[in-house]
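Below is one structure, written out as structure tokens, with a few remarks after it.
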Amino acid sequence: MKTQLTLTPNPIPETPPSTTDGMGAVVTFHGVVRGTEDGEPIRAIDYEANEAMARHQFELIFAAIENQWPVESIRLIHRVGEVMVNEASLQVEVIAPHRAEAFAACQFLIDEMKAKVPIWKRAVF
């Protein structure tokens with residue numbers, strides 16, 4: 001399984017998926033900064049990561065996905081630093097033969113990321 005992991009302070013670029021002939025599903029998820037945090041209006045979220053540990057945890061998650069679903073590739077971009085309201089802080093792309101595997105792997109990846117990857121957020125008011 002091919003993986004691409006990027007942690008960056010830069011905006012997430014629009015990139016077309018790169019699939020092969022046997023793949024029938026591309027699931028893409030964008031996590032976008034909401035305008036409120038705990039009911040209070042905010043202007044941004046500041047993300048901080050322990051990059052070495054984050055990369056290690058992502059590799060473990062990718063390995064678990066590879067063992068469970070026939071995924072061809074995963075591309076994940078997570079922003080660090082200040083991300084303004086209505087901007088994407090996360091993009092996940094999963095390519096698989098069928099939609100069920102692609103959706104399941106994407107959901108698993110996001111759930112595991114939130115539970116295990118050391119990326120913290122702080123609201124900017």
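Residues in the structure tokens are named by chain (A, B, ... in the order shown) and by number from 1 within that chain; ligands are numbered from 1 in the order shown.
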Would you list the contacts of range 6-13 of chain A as a compact mmCIF listing (two decimals) with C-alpha atoms, in the first residue's frame, taking every protein, DNA or RNA residue within 12 Å and counting only C-alpha atoms, but skipping same-chain residues closer than 5 positions in sequence?
```
# COMPACT_ATOMS: atom_id res chain seq x y z
CA HIS A 30 -11.71 17.52 4.24
CA GLY A 31 -11.81 18.61 7.87
CA VAL A 32 -12.63 22.33 8.01
CA ASP A 46 -3.77 26.66 16.26
CA TYR A 47 -2.54 23.08 15.72
CA GLU A 48 0.63 21.75 17.35
CA ALA A 49 2.15 18.33 16.71
CA ASN A 50 4.91 16.16 18.08
CA GLU A 51 6.00 15.40 14.52
CA ALA A 52 8.17 12.35 15.19
CA ALA A 54 2.73 11.73 14.99
CA ARG A 55 4.53 10.11 12.06
CA PHE A 58 0.28 7.35 11.52
CA ILE A 74 -3.67 6.75 1.37
CA ARG A 75 -2.75 10.40 1.17
CA LEU A 76 -3.08 12.45 4.36
CA ILE A 77 -2.29 16.13 4.84
CA HIS A 78 -2.67 17.74 8.28
CA ARG A 79 -1.94 21.38 8.85
CA VAL A 80 0.03 22.67 11.81
CA GLY A 81 0.09 26.23 13.05
CA GLU A 82 -2.79 28.64 12.77
CA VAL A 83 -5.65 27.63 10.45
CA MET A 84 -8.38 30.20 9.89
CA ASN A 86 -13.49 27.89 6.92
CA GLU A 87 -10.03 26.63 5.87
CA ALA A 88 -9.23 22.92 5.68
CA SER A 89 -6.98 21.60 8.42
CA LEU A 90 -7.11 17.97 7.23
CA GLN A 91 -7.38 16.11 3.95
CA VAL A 92 -7.58 12.34 3.73
CA ILE A 119 -1.74 16.64 17.36
```
List the spatial neighbours of Gly35 in chain A as a compact mmCIF listing (two decimals) with C-alpha atoms, in the first residue's frame - criterion: any atom at most 10 Å away, only C-alpha atoms, same-chain residues fewer than 3 positions off excluded.
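Wrote it out as around_24.txt, contents follow:
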```
# COMPACT_ATOMS: atom_id res chain seq x y z
CA VAL A 32 -12.63 22.33 8.01
CA GLY A 39 -20.26 27.65 21.61
CA GLU A 40 -17.92 30.65 21.44
CA PRO A 41 -16.97 32.37 18.17
CA ILE A 42 -13.35 31.89 17.12
CA ARG A 43 -11.19 33.16 14.29
CA ALA A 44 -8.83 30.17 13.96
CA ILE A 45 -7.47 26.95 15.43
CA MET A 84 -8.38 30.20 9.89
CA VAL A 85 -12.12 29.50 10.12
CA ASN A 86 -13.49 27.89 6.92
CA ALA A 123 -8.86 27.88 19.74
CA PHE A 125 -10.36 33.98 19.72
```
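Excluding Gln68 in chain A itself and any same-chain residue fewer than 5 positions from it, the protein and nucleic acid residues within 12 Å of it, counting only C-alpha atoms, are A:Met1, A:Ile61, A:Phe62, A:Ala63, A:Glu101, A:Ala102, A:Ala104, A:Ala105, A:Phe108, A:Leu109.
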### Message
Taking 4 positions as the minimum chain separation for residues in the same chain, which residues sit within 7 Å of Met23 in chain A when counting only C-alpha atoms? Answer as a list in words.
### Response
Thr19, Ile95, Ala96 and Pro97 of chain A
### Query
Suppose you want the space between CA of His56 in chain A and CA of Glu93 in chain A; what is it in Å?
19.1 Å
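The shortest atom-to-atom distance to His98 in chain A, with only C-alpha atoms taken into account, belongs to A:Val26 out of A:Val26, A:Met53, A:Ala64, A:Asp38.
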### Query
chain A: which residues are strand (DSSP E or B) by DSSP, as a PyMOL selection string?
chain A and resi 2-8+25-32+36-37+40-41+44-49+73-79+81-84+88-96+119-124
Write the residues you've just listed into a file as a PDB file, in the first residue's frame, and include C-alpha atoms for each of them.
```pdb
ATOM      1  CA  LYS A   2       1.308   3.413  -0.968  1.00  0.00           C
ATOM      2  CA  THR A   3       1.105   6.147   1.684  1.00  0.00           C
ATOM      3  CA  GLN A   4       1.859   9.850   1.650  1.00  0.00           C
ATOM      4  CA  LEU A   5       1.856  11.811   4.914  1.00  0.00           C
ATOM      5  CA  THR A   6       2.356  15.569   5.072  1.00  0.00           C
ATOM      6  CA  LEU A   7       2.332  17.799   8.161  1.00  0.00           C
ATOM      7  CA  THR A   8       2.538  21.390   6.974  1.00  0.00           C
ATOM      8  CA  ALA A  25     -13.309   4.176  -5.348  1.00  0.00           C
ATOM      9  CA  VAL A  26     -11.665   7.395  -4.214  1.00  0.00           C
ATOM     10  CA  VAL A  27     -12.904   8.718  -0.886  1.00  0.00           C
ATOM     11  CA  THR A  28     -11.728  12.190   0.054  1.00  0.00           C
ATOM     12  CA  PHE A  29     -12.446  13.903   3.373  1.00  0.00           C
ATOM     13  CA  HIS A  30     -11.706  17.522   4.242  1.00  0.00           C
ATOM     14  CA  GLY A  31     -11.805  18.615   7.875  1.00  0.00           C
ATOM     15  CA  VAL A  32     -12.629  22.326   8.007  1.00  0.00           C
ATOM     16  CA  THR A  36     -17.177  28.248  17.029  1.00  0.00           C
ATOM     17  CA  GLU A  37     -15.482  26.272  19.775  1.00  0.00           C
ATOM     18  CA  GLU A  40     -17.920  30.647  21.441  1.00  0.00           C
ATOM     19  CA  PRO A  41     -16.974  32.374  18.170  1.00  0.00           C
ATOM     20  CA  ALA A  44      -8.835  30.167  13.960  1.00  0.00           C
ATOM     21  CA  ILE A  45      -7.474  26.950  15.431  1.00  0.00           C
ATOM     22  CA  ASP A  46      -3.770  26.661  16.257  1.00  0.00           C
ATOM     23  CA  TYR A  47      -2.541  23.082  15.722  1.00  0.00           C
ATOM     24  CA  GLU A  48       0.628  21.753  17.345  1.00  0.00           C
ATOM     25  CA  ALA A  49       2.155  18.330  16.705  1.00  0.00           C
ATOM     26  CA  SER A  73      -3.134   4.177  -1.355  1.00  0.00           C
ATOM     27  CA  ILE A  74      -3.668   6.755   1.374  1.00  0.00           C
ATOM     28  CA  ARG A  75      -2.753  10.404   1.168  1.00  0.00           C
ATOM     29  CA  LEU A  76      -3.081  12.451   4.356  1.00  0.00           C
ATOM     30  CA  ILE A  77      -2.289  16.131   4.841  1.00  0.00           C
ATOM     31  CA  HIS A  78      -2.672  17.740   8.276  1.00  0.00           C
ATOM     32  CA  ARG A  79      -1.942  21.379   8.846  1.00  0.00           C
ATOM     33  CA  GLY A  81       0.094  26.227  13.051  1.00  0.00           C
ATOM     34  CA  GLU A  82      -2.794  28.641  12.769  1.00  0.00           C
ATOM     35  CA  VAL A  83      -5.649  27.625  10.449  1.00  0.00           C
ATOM     36  CA  MET A  84      -8.376  30.202   9.887  1.00  0.00           C
ATOM     37  CA  ALA A  88      -9.234  22.915   5.677  1.00  0.00           C
ATOM     38  CA  SER A  89      -6.983  21.600   8.424  1.00  0.00           C
ATOM     39  CA  LEU A  90      -7.106  17.974   7.233  1.00  0.00           C
ATOM     40  CA  GLN A  91      -7.376  16.108   3.952  1.00  0.00           C
ATOM     41  CA  VAL A  92      -7.577  12.342   3.730  1.00  0.00           C
ATOM     42  CA  GLU A  93      -7.723  10.464   0.435  1.00  0.00           C
ATOM     43  CA  VAL A  94      -8.239   6.695   0.348  1.00  0.00           C
ATOM     44  CA  ILE A  95      -8.160   4.724  -2.919  1.00  0.00           C
ATOM     45  CA  ALA A  96      -9.516   1.171  -2.964  1.00  0.00           C
ATOM     46  CA  ILE A 119      -1.741  16.638  17.364  1.00  0.00           C
ATOM     47  CA  TRP A 120      -3.273  19.224  19.678  1.00  0.00           C
ATOM     48  CA  LYS A 121      -5.522  22.147  18.917  1.00  0.00           C
ATOM     49  CA  ARG A 122      -6.088  25.481  20.641  1.00  0.00           C
ATOM     50  CA  ALA A 123      -8.857  27.882  19.738  1.00  0.00           C
ATOM     51  CA  VAL A 124      -7.776  31.378  18.708  1.00  0.00           C
TER      52      VAL A 124
END
```
### Task
Grab the CA of Glu72 in chain A to CA of Pro118 in chain A distance for me, in Å with one decimal place.
25.7 Å
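Take CA of Val117 in chain A and CA of Glu59 in chain A: the distance between them is 10.3 Å.
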